[in-house]
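A.B. asks: Here it is, the structure, as structure tokens.
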Amino acid sequence: MKDVIVIVIVLLLVAAGYYFFFQNPRPNTSATEQQSTIPEVSSQTAGNIDSAEGEVIDDGDGPVKTFTIEGQNFSFSPSVMSVDQGDTVRVVFKNVGGFHDFTLDEFGAKTKRINTGEEAVVEFVADKTGSFEYYCSVGTHRQFGMKGTITVNELPEEN
């Protein structure tokens with residue numbers, strides 16, 4: 001009988017852990033808190049919200065399009081970026097909740113895995129055109145929706 005009670009308790013603990021980690025992945029935030037993370041859109045950037053997030057910086061080695069990406073369980077913000085072919089892209093990845101990284105396979109761009117409050121930087125040249133998925137490679141975070149898209153636009157041919 002004692003063995004049955006122990007087994008039932010273990011099963012309850014496993015079920016509670018499963019629910020906590022896999023069935024309820026997003027923190028419980030109010031609508032006001034959720035709205036505060038939405039970027040403001042000016043009339044100039046209404047067609048491409050994330051272009052407003054990318055800041056072009058020339059640090060002496062040429063212009064670099066810099067994006068600050070925040071990661072938390074289980075999302076990136078912004079989740080869409082747009083650059084032009086040939087742009088040097090710098091991603092400043094700030095972890096605002098959990099244990100995450102930033103991975104973009106097609107350009108060999110990957111940060112180290114970092115904890116809440118830490119940040120990591122990765123830089124690459126956008127030498128391929130198309131839309132590419134970036135994601136968190138920790139555990140099953142990608143499958144739970146921790147991913148985004150970077151679009152690399154082809155430059156028009158010069159005459």
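Residues in the structure tokens are named by chain (A, B, ... in the order shown) and by number from 1 within that chain; ligands are numbered from 1 in the order shown.
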As a list of chain:residue names, please: the residues near segment 64-66 of chain A (cut-off 6 Å, only C-alpha atoms, same-chain neighbours under 6 positions excluded).

C.D. replies: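 The residues that qualify are A:Gly54, A:Glu55, A:Val56, A:Ile57, A:Thr88, A:Val89, A:Arg90, A:Val91.
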
A.B. asks: Name the residues in contact with Thr140 of chain A at a cut-off of 12 Å, using only C-alpha atoms, excluding same-chain residues fewer than 2 positions from it; report them as a compact mmCIF listing (two decimals) with C-alpha atoms, in the first residue's frame.

C.D. replies:
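This is the output file selection18.txt:
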```
# COMPACT_ATOMS: atom_id res chain seq x y z
CA PHE A 21 6.58 23.68 -18.34
CA PHE A 22 4.68 22.61 -21.44
CA PRO A 25 4.51 28.38 -21.51
CA ASN A 73 9.58 32.40 -22.83
CA PHE A 74 8.70 31.69 -25.75
CA PHE A 99 17.57 30.74 -20.73
CA HIS A 100 17.88 31.34 -24.49
CA TYR A 135 14.98 30.77 -33.44
CA CYS A 136 16.05 29.74 -29.96
CA SER A 137 17.87 26.40 -30.04
CA VAL A 138 17.39 25.62 -26.33
CA ARG A 142 11.60 26.68 -31.23
CA GLN A 143 8.67 24.24 -31.33
CA PHE A 144 6.86 26.33 -28.72
CA GLY A 145 7.05 29.37 -31.02
CA MET A 146 10.32 31.06 -30.08
CA LYS A 147 11.18 32.03 -33.63
```

A.B. asks: May I ask which of the residues A:Val4, A:Val83, A:Val121, A:Val10 is the closest one to Asn95 of chain A, counting only C-alpha atoms?

C.D. replies: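 Smallest distance to Asn95 of chain A is found for A:Val121.
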
A.B. asks: Which polymer residues have any atom within 7 Å of an atom of Phe93 of chain A, counting only C-alpha atoms, with same-chain residues fewer than 3 positions away left out, as number ranges by chain?

C.D. replies: A: 68-70, 102, 119-121

A.B. asks: What would the file look like if the residues just selected were written as a short mmCIF file (atom, residue, chain, number, x, y, z; two decimals), in the first residue's frame with C-alpha atoms?

C.D. replies:
```
data_model
loop_
_atom_site.label_atom_id
_atom_site.label_comp_id
_atom_site.auth_asym_id
_atom_site.auth_seq_id
_atom_site.Cartn_x
_atom_site.Cartn_y
_atom_site.Cartn_z
CA THR A 68 17.94 44.85 -30.60
CA ILE A 69 16.01 41.62 -30.16
CA GLU A 70 14.48 40.67 -26.81
CA PHE A 102 19.57 33.51 -31.01
CA GLU A 119 22.92 40.03 -23.60
CA ALA A 120 24.98 38.68 -26.48
CA VAL A 121 25.89 40.12 -29.88
#
```

A.B. asks: Could you work out how far atom CA of Ala126 of chain A lies from atom CA of Asp84 of chain A, giving the answer in Å with one decimal?

C.D. replies: 7.3 Å

A.B. asks: As number ranges by chain, which residues of segment 50-142 of chain A does DSSP assign to strand (DSSP E)?

C.D. replies: A: 55-58, 63-72, 75-77, 80-84, 88-95, 99-100, 103-104, 109-110, 114-115, 119-125, 130-135

A.B. asks: Would you mind exporting the chosen residues as a CSV table (one decimal), in the first residue's frame, restricted to C-alpha atoms?

C.D. replies:
```csv
chain,number,residue,atom,x,y,z
A,55,GLU,CA,19.4,51.4,-36.7
A,56,VAL,CA,22.2,52.0,-39.1
A,57,ILE,CA,25.5,52.6,-37.2
A,58,ASP,CA,28.9,53.4,-38.8
A,63,PRO,CA,27.6,50.9,-41.9
A,64,VAL,CA,26.0,48.2,-39.8
A,65,LYS,CA,22.2,47.6,-39.5
A,66,THR,CA,21.7,47.0,-35.8
A,67,PHE,CA,18.6,45.3,-34.3
A,68,THR,CA,17.9,44.8,-30.6
A,69,ILE,CA,16.0,41.6,-30.2
A,70,GLU,CA,14.5,40.7,-26.8
A,71,GLY,CA,13.9,37.0,-26.0
A,72,GLN,CA,11.6,35.6,-23.3
A,75,SER,CA,9.0,34.6,-28.1
A,76,PHE,CA,11.3,37.2,-29.8
A,77,SER,CA,10.5,40.8,-30.1
A,80,VAL,CA,10.3,40.2,-38.0
A,81,MET,CA,13.3,42.0,-39.4
A,82,SER,CA,14.0,43.3,-42.9
A,83,VAL,CA,17.4,44.1,-44.4
A,84,ASP,CA,18.9,44.5,-47.9
A,88,THR,CA,26.1,43.9,-42.4
A,89,VAL,CA,23.7,43.0,-39.7
A,90,ARG,CA,24.3,43.1,-36.0
A,91,VAL,CA,21.9,41.5,-33.6
A,92,VAL,CA,22.0,42.6,-29.9
A,93,PHE,CA,20.2,39.8,-28.2
A,94,LYS,CA,18.8,40.7,-24.8
A,95,ASN,CA,17.3,37.9,-22.7
A,99,PHE,CA,17.6,30.7,-20.7
A,100,HIS,CA,17.9,31.3,-24.5
A,103,THR,CA,20.2,31.2,-34.0
A,104,LEU,CA,20.1,31.9,-37.7
A,109,ALA,CA,24.8,33.5,-36.8
A,110,LYS,CA,24.4,32.1,-33.3
A,114,ILE,CA,22.4,33.3,-21.9
A,115,ASN,CA,20.4,33.8,-18.7
A,119,GLU,CA,22.9,40.0,-23.6
A,120,ALA,CA,25.0,38.7,-26.5
A,121,VAL,CA,25.9,40.1,-29.9
A,122,VAL,CA,26.2,38.4,-33.2
A,123,GLU,CA,27.1,40.0,-36.6
A,124,PHE,CA,26.8,38.6,-40.2
A,125,VAL,CA,26.6,39.8,-43.8
A,130,GLY,CA,14.8,35.5,-49.2
A,131,SER,CA,13.1,34.9,-45.9
A,132,PHE,CA,14.9,33.0,-43.2
A,133,GLU,CA,13.8,31.8,-39.8
A,134,TYR,CA,15.7,32.7,-36.6
A,135,TYR,CA,15.0,30.8,-33.4
```
